[in-house]
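Heads up: the structure comes next, in C-alpha cells.
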There are 2 protein chains.
Amino acid sequence: MASNNTLPPVPAPVSGLRFSVHYEFSAENLDVARQVALEIALEQSVELPENLTPRGDIRDEIVGRCGDPQELSAGRWRVAISYPIEAISASLPGLISTVFANTSMKAAIRVAALETGPEVARLFPGPRFGTEGLRQRLAAETRPLVGTALKPMGYPPVELARIAGAFARGGLDVIKDDHNLMDQPFAPFRERVARCTEAVQQANAQTGGHSIYVPHLSGPIESLLERAHLASELGAGGLEIMPGVMGYDSIRLLASEQGPGLPVFSHPGMLGTYTLHPQQGLSHRVIYGSFPRLAGADVSIFTGFGGRFPTTEADCQGILDAIREPLGSYPSILPMPGGGMTTARIPEMTRFYGADVILLISGDLFRGEGGIEATARRFRQAVAD
Amino acid sequence: MASNNTLPPVPAPVSGLRFSVHYEFSAENLDVARQVALEIALEQSVELPENLTPRGDIRDEIVGRCGDPQELSAGRWRVAISYPIEAISASLPGLISTVFANTSMKAAIRVAALETGPEVARLFPGPRFGTEGLRQRLAAETRPLVGTALKPMGYPPVELARIAGAFARGGLDVIKDDHNLMDQPFAPFRERVARCTEAVQQANAQTGGHSIYVPHLSGPIESLLERAHLASELGAGGLEIMPGVMGYDSIRLLASEQGPGLPVFSHPGMLGTYTLHPQQGLSHRVIYGSFPRLAGADVSIFTGFGGRFPTTEADCQGILDAIREPLGSYPSILPMPGGGMTTARIPEMTRFYGADVILLISGDLFRGEGGIEATARRFRQAVAD
C-alpha cells in the first residue's frame with residue numbers, strides 16, 4: 001500500500017489577511033460542487049491533492065478556503081475562495097497567478113470577480129490620475145470625453161501627424177495610437193511621437209483646447225521605461241500599452257515612480273479570448289476592470305456592447321462596477337469603450353456609461369462629409385458640454 | 001452622401017518579405033469565408049474597413065494578404081494570411097500583436113499555426129541551448145529526461161531544500177519550482193534559491209549526477225534580470241517563467257545576452273484559456289510551441305494528454321511539430337509535459353514523445369512507498385538509459 005502524507009506539517013506564519021476570488025463552474029450537485037471548489041483551492045495554492053497536503057498551517061492557512069457553493073442555474077455554481085495575502089508575494093504577477101494560473105487550463109471554470117479589499121490595493125501604487133485627475137488634465141470637468149485611434153500602420157509620421165492635428169482641431173480629447181503602431185520603419189517611434197505631439201500642441205494653441213496624444217508603448221520589455229520617458233519628453237499626454245502582450249505588471253511599472261508620471265491607457269489586445277466563452281477564462285469585470293485598476297491604469301479600453309465585437313451590456317456593467325467601486329484609496333478610472341462605435345450611438349452610450357467615459361470612435365471618423373476635422377468636430381459637439 | 005477614402009495613398013516601402021498566419025474560422029460558404037478572411041487581414045493590420053483603406057502600398061503591401069480559404073469540415077474554414085515582416089516592428093510583442101491582438105476579441109476564430117520562416121527567426125536571438133545544449137548540461141545524451149516540481153508554497157527554504165535534495169539523490173534531472181513559489185515570506189527568493197541549489201549540488205557531489213535546480217522568476221518586471229543573475233550566481237541550473245503573466249518577451253530577455261546564460265523554462269500558467277475552446281484562441285502548437293521557441297525558451301512546459309487537464313494527443317503533436325520543425329538556425333527545444341502524470345504512464349509517454357522529452361511528474365512522487373528519494377529513484381529508473 002502506498003504511504004501518503006510524507007510531507008510533515010510545518011509552521012507557515014500568516015497575517016490572517018485574506019482576499020477572495022469568485023469562481024463559476026459546472027457541477028451536477030452540491031457535493032460535486034464542493035469537490036470542484038476544493039480542487040480549485042488546492043490547485044491555486046499548494047498544487048497537491050488533498051491527501052498529500054501537509055496538515056497544520058499549510059492545510060489550514062495556505063490552501064484556499066472555500067465558501068459554500070451557490071447554484072446559479074441548473075448545473076452552474078459560484079463559490080468564493082479566499083487565499084492568504086502572503087500568497088501574492090506582494091506582486092501583481094503573484095496576484096494574477098494565485099487567481100487563475102493553472103486553473104486556466106481546466107475546462108468550464110471562470111473567474112467572475114475579485115474581492116481584494118484595501119490590503120491588496122495597498123501593495124501597489126494604484127492609478128495616479130484616475131477619473132478626476134485625467135479630467136483636470138483635459139480641462140473637462142463633467143462632460144463625456146471623446147477619443148479616437150490614430151491609424152493606419154504604413155503611414156509615415158508626417159501623414160499621421162496631419163491626421164492627429166485634424167482630430168485635435170476637431171476637439172477630440174484623446175488621440176491615441178492604434179495598437180498596431182509600434183516602431184515600424186514606416187513610422188519609427190521617436191519621430192512619430194515627436195510629429196504627432198507637435199501637431200496636437202499646435203492645434204491646441206490654435207483652438208485653446210487640451211487634446212492629448214497617447215502613443216503606444218508595447219515593444220521590447222527592457223526598453224519600456226525608456227520609451228515612456230522619451231514620450232514624456234516629447235510632449236505625449238498619456239501612455240498606451242497592451243497588458244495581454246506585455247503583462248499587467250508593465251502597467252504597474254509605467255504608473256510607478258519609475259515612470260514619467262503620465263496617465264496610462266490599458267489596451268485589450270490579446271485579452272479577448274479570456275472573456276469570449278462565458279463559462280471559461282475570466283470575466284470582463286476582472287480582465288478589463290479589476291486587473292488594470294489594480295495595476296494602476298487610468299483608462300481601460302475595451303470593446304463595448306453594440307459594436308463589431310460580441311460584448312453585452314452586462315459585460316460592460318461588470319467593468320464599470322470594478323473600476324468605480326471603492327477600492328482602498330484608489331480613485332475610479334475611466335472606461336474607454338470602442339470597437340465599431342458610431343456618432344449615432346452617442347446618446348445610447350452616455351445613457352449607459354454616464355458622463356465618466358471616453359467614447360472611442362475611430363473608423364467612422366474617416367467616413368463623414370467634409371473631411372476628418374469636420375467629422376471629429378461633429379463627434380465632439382454631439383457630446384453635451 | 002458620406003464621402004469615403006479621405007485617406008490618400010502614400011508610399012509604404014517594404015522589403016517584400018512576408019510571414020503567414022493560419023487562421024481557422026466559421027463561415028457558411030466560400031464567399032462568406034473570403035469576407036471573414038479579409039476582415040481578419042484588415043483588423044490585424046490597418047484596422048480600417050476596406051473601403052476606407054488607402055489604396056496603393058497600404059492596401060497592396062500592408063494589409064494582410066489572404067490565400068484561398070479551404071473548407072476543413074462543414075462550415076469551418078482555414079486560411080493563410082501573410083503580413084509584411086515590417087509589421088512586426090522587429091519585436092516579439094509586435095509579432096504577437098500582428099498575429100491576433102484584436103481578432104482575439106472576435107468569436108469563433110482560432111490561430112492554428114505560424115509560418116514565420118527564417119527571416120522572422122533572425123529577428124530574435126532564439127533558444128540558447130535547445131535540446132542538445134540542455135542534454136549536454138544534464139550529461140544525458142540520449143535517454144528521456146525526468147523532472148519534477150518543488151512544492152508546496154508555505155514550506156520554508158530548509159524544508160524545500162530537503163525535498164529538492166531527495167529528488168536530486170533520486171536522480172531526477174530537473175527540479176523546478178512550482179510556479180506558486182515566488183518571493184513569499186515563507187520562502188523568500190534569495191534564501192530559497194541558495195538553499196535549494198546547495199542541496200542539489202550536495203546531492204550531485206554524492207551521486208555523481210548532474211541534476212539542476214530551476215527557480216521560478218515571475219515577479220516584478222523591472223527586477224526580472226536582477227533575479228535571473230542572482231539565481232545564476234547562487235548556482236541555479238535554469239530559469240522558469242510564466243509568459244502568460246509576464247509576457248513572452250520576458251523569455252526573450254532572459255535568453256538574450258542581457259540574461260545570465262541559463263536554460264529558460266516556459267511555464268503555461270494563465271495560458272490555458274487560449275487553447276481550451278477548439279474554435280477560439282490559439283492552438284497548443286502556437287501557444288506552447290511557436291511562441292516559446294521564437295522567444296528563446298529551451299523547454300516548453302505544458303499539460304500533456306491523459307493527465308488531469310483536457311489536452312489531446314493531437315494538441316501535443318502540434319506542439320512537437322512546432323518545437324522540432326526547421327526554423328532558421330534555431331535548435332529544437334524540449335517538451336516538458338506534466339499535469340497529473342504518473343510513473344505508470346512512462347512507456348506510453350516515451351512512445352509518443354520519443355526520447356527528446358522531459359517527463360514531469362510531481363504530486364505522484366509524494367505518494368510512493370519508502371519516501372521521496374526512493375520514489376524519485378524508481379521514476380528515474382523507469383526511464384531506460
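All residue names refer to the C-alpha cells as shown: chains lettered A, B, ... in order, residues numbered from 1 in each chain, ligands numbered from 1 in order.
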
- Message: So that I can see what lies close to segment 102-105 of chain A, please list as a ChimeraX atom specification the residues with an atom at most 10 Å from it, counting only C-alpha atoms and leaving out residues fewer than 4 positions away in the same chain.
- Response: /A:39-41,43-45,47,97-98,109-111,274,280-282 /B:179-180,267-276,302-303,308-311,339

- For chain B against chain A, which residues fall within 6 Å using only C-alpha atoms, given as number ranges by chain? B: 2-4, 12, 46, 48, 89, 93, 101-102, 104-106, 152-154, 183-184, 219, 245-247, 269-270, 272-273, 281, 309, 363, 367-369

Let's see if you can do this: from backbone DSSP, list all strand (DSSP E) residues in segment 265-344 of chain B, as a PDB file with C-alpha atoms, in the first residue's frame.
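Once written, states.pdb looks like this:
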```pdb
ATOM      1  CA  PHE B 265      11.773  27.083 -18.997  1.00  0.00           C
ATOM      2  CA  SER B 266       8.402  28.420 -20.167  1.00  0.00           C
ATOM      3  CA  GLY B 281      -7.930  31.444 -29.130  1.00  0.00           C
ATOM      4  CA  LEU B 282      -4.674  29.941 -30.314  1.00  0.00           C
ATOM      5  CA  VAL B 299      11.946  23.987 -22.597  1.00  0.00           C
ATOM      6  CA  SER B 300       8.195  24.364 -23.015  1.00  0.00           C
ATOM      7  CA  ILE B 301       6.153  23.079 -20.090  1.00  0.00           C
ATOM      8  CA  PHE B 302       2.510  22.223 -20.841  1.00  0.00           C
ATOM      9  CA  THR B 303      -0.230  19.915 -19.664  1.00  0.00           C
ATOM     10  CA  LEU B 334      12.360  20.190 -25.289  1.00  0.00           C
ATOM     11  CA  PRO B 335       8.737  19.479 -24.422  1.00  0.00           C
ATOM     12  CA  MET B 336       8.010  19.066 -20.696  1.00  0.00           C
ATOM     13  CA  PRO B 337       4.514  17.595 -20.443  1.00  0.00           C
ATOM     14  CA  GLY B 338       3.010  17.438 -16.960  1.00  0.00           C
TER      15      GLY B 338
END
```

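Here the question is which of B:Thr142, B:Ser15, B:Ser211, B:Gln317 gets nearest to Gly289 of chain B using only C-alpha atoms, and that residue is B:Gln317.
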
Alpha helix (DSSP H) call set, DSSP backbone run, segment 127-214 of chain B, as a tab-separated table (two decimals) with N, CA, C and O atoms, in the first residue's frame:
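What ended up in result12.tsv:
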```tsv
chain	number	residue	atom	x	y	z
B	130	GLY	N	18.66	24.77	-26.40
B	130	GLY	CA	17.90	23.80	-27.17
B	130	GLY	C	18.10	22.40	-26.62
B	130	GLY	O	18.71	22.19	-25.57
B	131	THR	N	17.59	21.42	-27.36
B	131	THR	CA	17.62	20.03	-26.91
B	131	THR	C	19.04	19.56	-26.62
B	131	THR	O	19.34	19.05	-25.53
B	132	GLU	N	19.95	19.76	-27.58
B	132	GLU	CA	21.30	19.22	-27.41
B	132	GLU	C	22.07	19.96	-26.32
B	132	GLU	O	22.79	19.35	-25.53
B	133	GLY	N	21.91	21.28	-26.29
B	133	GLY	CA	22.61	22.06	-25.28
B	133	GLY	C	22.19	21.69	-23.87
B	133	GLY	O	23.02	21.58	-22.96
B	134	LEU	N	20.90	21.46	-23.68
B	134	LEU	CA	20.43	21.10	-22.35
B	134	LEU	C	20.84	19.67	-22.00
B	134	LEU	O	21.25	19.38	-20.87
B	135	ARG	N	20.81	18.79	-22.98
B	135	ARG	CA	21.28	17.42	-22.75
B	135	ARG	C	22.73	17.41	-22.30
B	135	ARG	O	23.11	16.66	-21.40
B	136	GLN	N	23.55	18.24	-22.93
B	136	GLN	CA	24.96	18.30	-22.53
B	136	GLN	C	25.10	18.73	-21.07
B	136	GLN	O	25.85	18.13	-20.30
B	137	ARG	N	24.34	19.75	-20.70
B	137	ARG	CA	24.43	20.22	-19.30
B	137	ARG	C	23.95	19.17	-18.33
B	137	ARG	O	24.39	19.14	-17.18
B	138	LEU	N	23.03	18.35	-18.75
B	138	LEU	CA	22.48	17.32	-17.87
B	138	LEU	C	23.24	16.01	-18.02
B	138	LEU	O	22.91	15.02	-17.34
B	157	PRO	N	12.46	27.53	3.21
B	157	PRO	CA	13.56	27.10	2.34
B	157	PRO	C	14.22	25.80	2.81
B	157	PRO	O	14.55	24.95	1.98
B	158	VAL	N	14.39	25.65	4.12
B	158	VAL	CA	15.10	24.46	4.60
B	158	VAL	C	14.32	23.19	4.27
B	158	VAL	O	14.91	22.15	3.91
B	159	GLU	N	13.01	23.26	4.34
B	159	GLU	CA	12.19	22.07	4.02
B	159	GLU	C	12.15	21.84	2.52
B	159	GLU	O	12.21	20.69	2.05
B	160	LEU	N	12.04	22.92	1.76
B	160	LEU	CA	12.04	22.78	0.30
B	160	LEU	C	13.38	22.21	-0.15
B	160	LEU	O	13.44	21.35	-1.04
B	161	ALA	N	14.46	22.68	0.47
B	161	ALA	CA	15.80	22.20	0.11
B	161	ALA	C	15.94	20.71	0.45
B	161	ALA	O	16.57	19.95	-0.30
B	162	ARG	N	15.35	20.31	1.56
B	162	ARG	CA	15.39	18.90	1.94
B	162	ARG	C	14.73	18.04	0.85
B	162	ARG	O	15.26	17.01	0.43
B	163	ILE	N	13.58	18.51	0.37
B	163	ILE	CA	12.87	17.78	-0.68
B	163	ILE	C	13.68	17.81	-1.99
B	163	ILE	O	13.82	16.79	-2.67
B	164	ALA	N	14.21	19.00	-2.33
B	164	ALA	CA	14.99	19.13	-3.57
B	164	ALA	C	16.19	18.18	-3.54
B	164	ALA	O	16.52	17.52	-4.54
B	165	GLY	N	16.83	18.09	-2.38
B	165	GLY	CA	17.97	17.18	-2.24
B	165	GLY	C	17.56	15.73	-2.45
B	165	GLY	O	18.27	14.96	-3.12
B	166	ALA	N	16.41	15.37	-1.92
B	166	ALA	CA	15.93	13.98	-2.08
B	166	ALA	C	15.62	13.70	-3.55
B	166	ALA	O	15.96	12.63	-4.07
B	167	PHE	N	15.00	14.65	-4.22
B	167	PHE	CA	14.73	14.49	-5.66
B	167	PHE	C	16.05	14.26	-6.42
B	167	PHE	O	16.14	13.41	-7.30
B	168	ALA	N	17.05	15.09	-6.08
B	168	ALA	CA	18.33	15.01	-6.80
B	168	ALA	C	19.04	13.69	-6.49
B	168	ALA	O	19.58	13.05	-7.39
B	169	ARG	N	19.04	13.27	-5.24
B	169	ARG	CA	19.66	11.98	-4.91
B	169	ARG	C	18.95	10.84	-5.62
B	169	ARG	O	19.56	9.84	-5.98
B	189	PHE	N	12.81	34.54	-2.15
B	189	PHE	CA	13.51	34.08	-3.35
B	189	PHE	C	14.98	33.76	-3.11
B	189	PHE	O	15.45	32.67	-3.39
B	190	ARG	N	15.71	34.73	-2.55
B	190	ARG	CA	17.16	34.55	-2.40
B	190	ARG	C	17.49	33.34	-1.53
B	190	ARG	O	18.33	32.50	-1.88
B	191	GLU	N	16.79	33.24	-0.40
B	191	GLU	CA	17.14	32.15	0.51
B	191	GLU	C	16.71	30.80	-0.07
B	191	GLU	O	17.40	29.78	0.10
B	192	ARG	N	15.54	30.80	-0.73
B	192	ARG	CA	15.09	29.54	-1.32
B	192	ARG	C	16.09	29.06	-2.38
B	192	ARG	O	16.47	27.88	-2.39
B	193	VAL	N	16.50	29.97	-3.26
B	193	VAL	CA	17.41	29.57	-4.33
B	193	VAL	C	18.75	29.13	-3.74
B	193	VAL	O	19.34	28.12	-4.16
B	194	ALA	N	19.24	29.86	-2.73
B	194	ALA	CA	20.51	29.50	-2.10
B	194	ALA	C	20.44	28.10	-1.50
B	194	ALA	O	21.30	27.24	-1.75
B	195	ARG	N	19.40	27.83	-0.70
B	195	ARG	CA	19.28	26.54	-0.02
B	195	ARG	C	19.06	25.40	-1.00
B	195	ARG	O	19.60	24.31	-0.84
B	196	CYS	N	18.21	25.64	-2.01
B	196	CYS	CA	17.87	24.54	-2.91
B	196	CYS	C	19.03	24.21	-3.86
B	196	CYS	O	19.29	23.03	-4.13
B	197	THR	N	19.74	25.22	-4.34
B	197	THR	CA	20.91	24.92	-5.19
B	197	THR	C	21.96	24.16	-4.38
B	197	THR	O	22.53	23.18	-4.85
B	198	GLU	N	22.16	24.60	-3.14
B	198	GLU	CA	23.11	23.94	-2.24
B	198	GLU	C	22.74	22.46	-2.07
B	198	GLU	O	23.60	21.57	-2.21
B	199	ALA	N	21.48	22.21	-1.81
B	199	ALA	CA	21.03	20.82	-1.58
B	199	ALA	C	21.22	19.98	-2.83
B	199	ALA	O	21.65	18.82	-2.77
B	200	VAL	N	20.91	20.57	-3.99
B	200	VAL	CA	21.03	19.81	-5.24
B	200	VAL	C	22.51	19.58	-5.57
B	200	VAL	O	22.89	18.49	-6.01
B	201	GLN	N	23.35	20.59	-5.32
B	201	GLN	CA	24.79	20.41	-5.59
B	201	GLN	C	25.40	19.36	-4.66
B	201	GLN	O	26.24	18.57	-5.08
B	202	GLN	N	24.98	19.38	-3.41
B	202	GLN	CA	25.47	18.35	-2.47
B	202	GLN	C	25.06	16.96	-2.95
B	202	GLN	O	25.85	16.01	-2.91
B	203	ALA	N	23.82	16.85	-3.40
B	203	ALA	CA	23.35	15.55	-3.89
B	203	ALA	C	24.16	15.13	-5.11
B	203	ALA	O	24.58	13.96	-5.21
B	204	ASN	N	24.42	16.07	-6.02
B	204	ASN	CA	25.22	15.75	-7.21
B	204	ASN	C	26.61	15.26	-6.81
B	204	ASN	O	27.13	14.30	-7.39
B	205	ALA	N	27.22	15.95	-5.82
B	205	ALA	CA	28.56	15.57	-5.37
B	205	ALA	C	28.54	14.14	-4.84
B	205	ALA	O	29.48	13.36	-5.04
B	206	GLN	N	27.45	13.81	-4.18
B	206	GLN	CA	27.30	12.49	-3.56
B	206	GLN	C	27.08	11.40	-4.61
B	206	GLN	O	27.64	10.31	-4.52
B	207	THR	N	26.24	11.71	-5.60
B	207	THR	CA	25.84	10.67	-6.56
B	207	THR	C	26.61	10.73	-7.87
B	207	THR	O	26.52	9.80	-8.67
```

- Message: List as a VMD selection string the protein and nucleic acid residues near segment 28-32 of chain B, meaning an atom at most 12 Å away when only C-alpha atoms are counted, but skip any in the same chain fewer than 2 places from it.
- Response: chain B and resid 25 to 26 34 to 39 68 to 79

Preceding selection exported with N, CA and C atoms as a CSV table (one decimal), in the first residue's frame:
```csv
chain,number,residue,atom,x,y,z
B,25,PHE,N,-11.7,29.4,-38.9
B,25,PHE,CA,-12.9,30.2,-38.6
B,25,PHE,C,-14.2,29.6,-39.2
B,26,SER,N,-15.3,30.1,-38.8
B,26,SER,CA,-16.6,29.6,-39.2
B,26,SER,C,-17.2,30.5,-40.3
B,34,ARG,N,-14.3,34.1,-47.6
B,34,ARG,CA,-13.4,35.1,-48.1
B,34,ARG,C,-13.6,36.4,-47.4
B,35,GLN,N,-14.8,36.8,-47.1
B,35,GLN,CA,-15.1,38.0,-46.4
B,35,GLN,C,-14.5,38.0,-45.0
B,36,VAL,N,-14.7,36.9,-44.3
B,36,VAL,CA,-14.2,36.8,-42.9
B,36,VAL,C,-12.6,36.9,-43.0
B,37,ALA,N,-12.0,36.2,-43.9
B,37,ALA,CA,-10.6,36.3,-44.1
B,37,ALA,C,-10.1,37.7,-44.3
B,38,LEU,N,-10.8,38.4,-45.1
B,38,LEU,CA,-10.4,39.8,-45.4
B,38,LEU,C,-10.6,40.7,-44.2
B,39,GLU,N,-11.6,40.4,-43.4
B,39,GLU,CA,-11.8,41.2,-42.2
B,39,GLU,C,-10.7,40.9,-41.2
B,68,ASP,N,-6.5,31.4,-50.4
B,68,ASP,CA,-7.9,30.9,-50.7
B,68,ASP,C,-8.3,30.1,-49.5
B,69,PRO,N,-9.4,30.4,-48.9
B,69,PRO,CA,-9.9,29.6,-47.7
B,69,PRO,C,-10.2,28.2,-48.2
B,70,GLN,N,-9.8,27.2,-47.3
B,70,GLN,CA,-10.1,25.8,-47.5
B,70,GLN,C,-11.1,25.3,-46.5
B,71,GLU,N,-12.1,24.6,-46.9
B,71,GLU,CA,-13.1,24.1,-46.0
B,71,GLU,C,-12.5,22.9,-45.3
B,72,LEU,N,-12.5,22.9,-44.0
B,72,LEU,CA,-12.0,21.8,-43.2
B,72,LEU,C,-13.0,20.8,-42.9
B,73,SER,N,-14.2,21.3,-42.5
B,73,SER,CA,-15.4,20.5,-42.2
B,73,SER,C,-16.6,21.4,-42.5
B,74,ALA,N,-17.8,20.9,-42.4
B,74,ALA,CA,-18.9,21.7,-42.8
B,74,ALA,C,-18.9,23.0,-42.0
B,75,GLY,N,-18.8,24.1,-42.7
B,75,GLY,CA,-18.9,25.4,-42.0
B,75,GLY,C,-17.6,25.9,-41.3
B,76,ARG,N,-16.6,25.1,-41.4
B,76,ARG,CA,-15.3,25.5,-40.7
B,76,ARG,C,-14.2,25.6,-41.8
B,77,TRP,N,-13.5,26.7,-41.8
B,77,TRP,CA,-12.5,27.0,-42.8
B,77,TRP,C,-11.2,27.3,-42.3
B,78,ARG,N,-10.2,27.2,-43.2
B,78,ARG,CA,-8.8,27.6,-42.8
B,78,ARG,C,-8.2,28.5,-43.9
B,79,VAL,N,-7.6,29.5,-43.5
B,79,VAL,CA,-6.9,30.4,-44.5
B,79,VAL,C,-5.5,30.8,-44.0
```
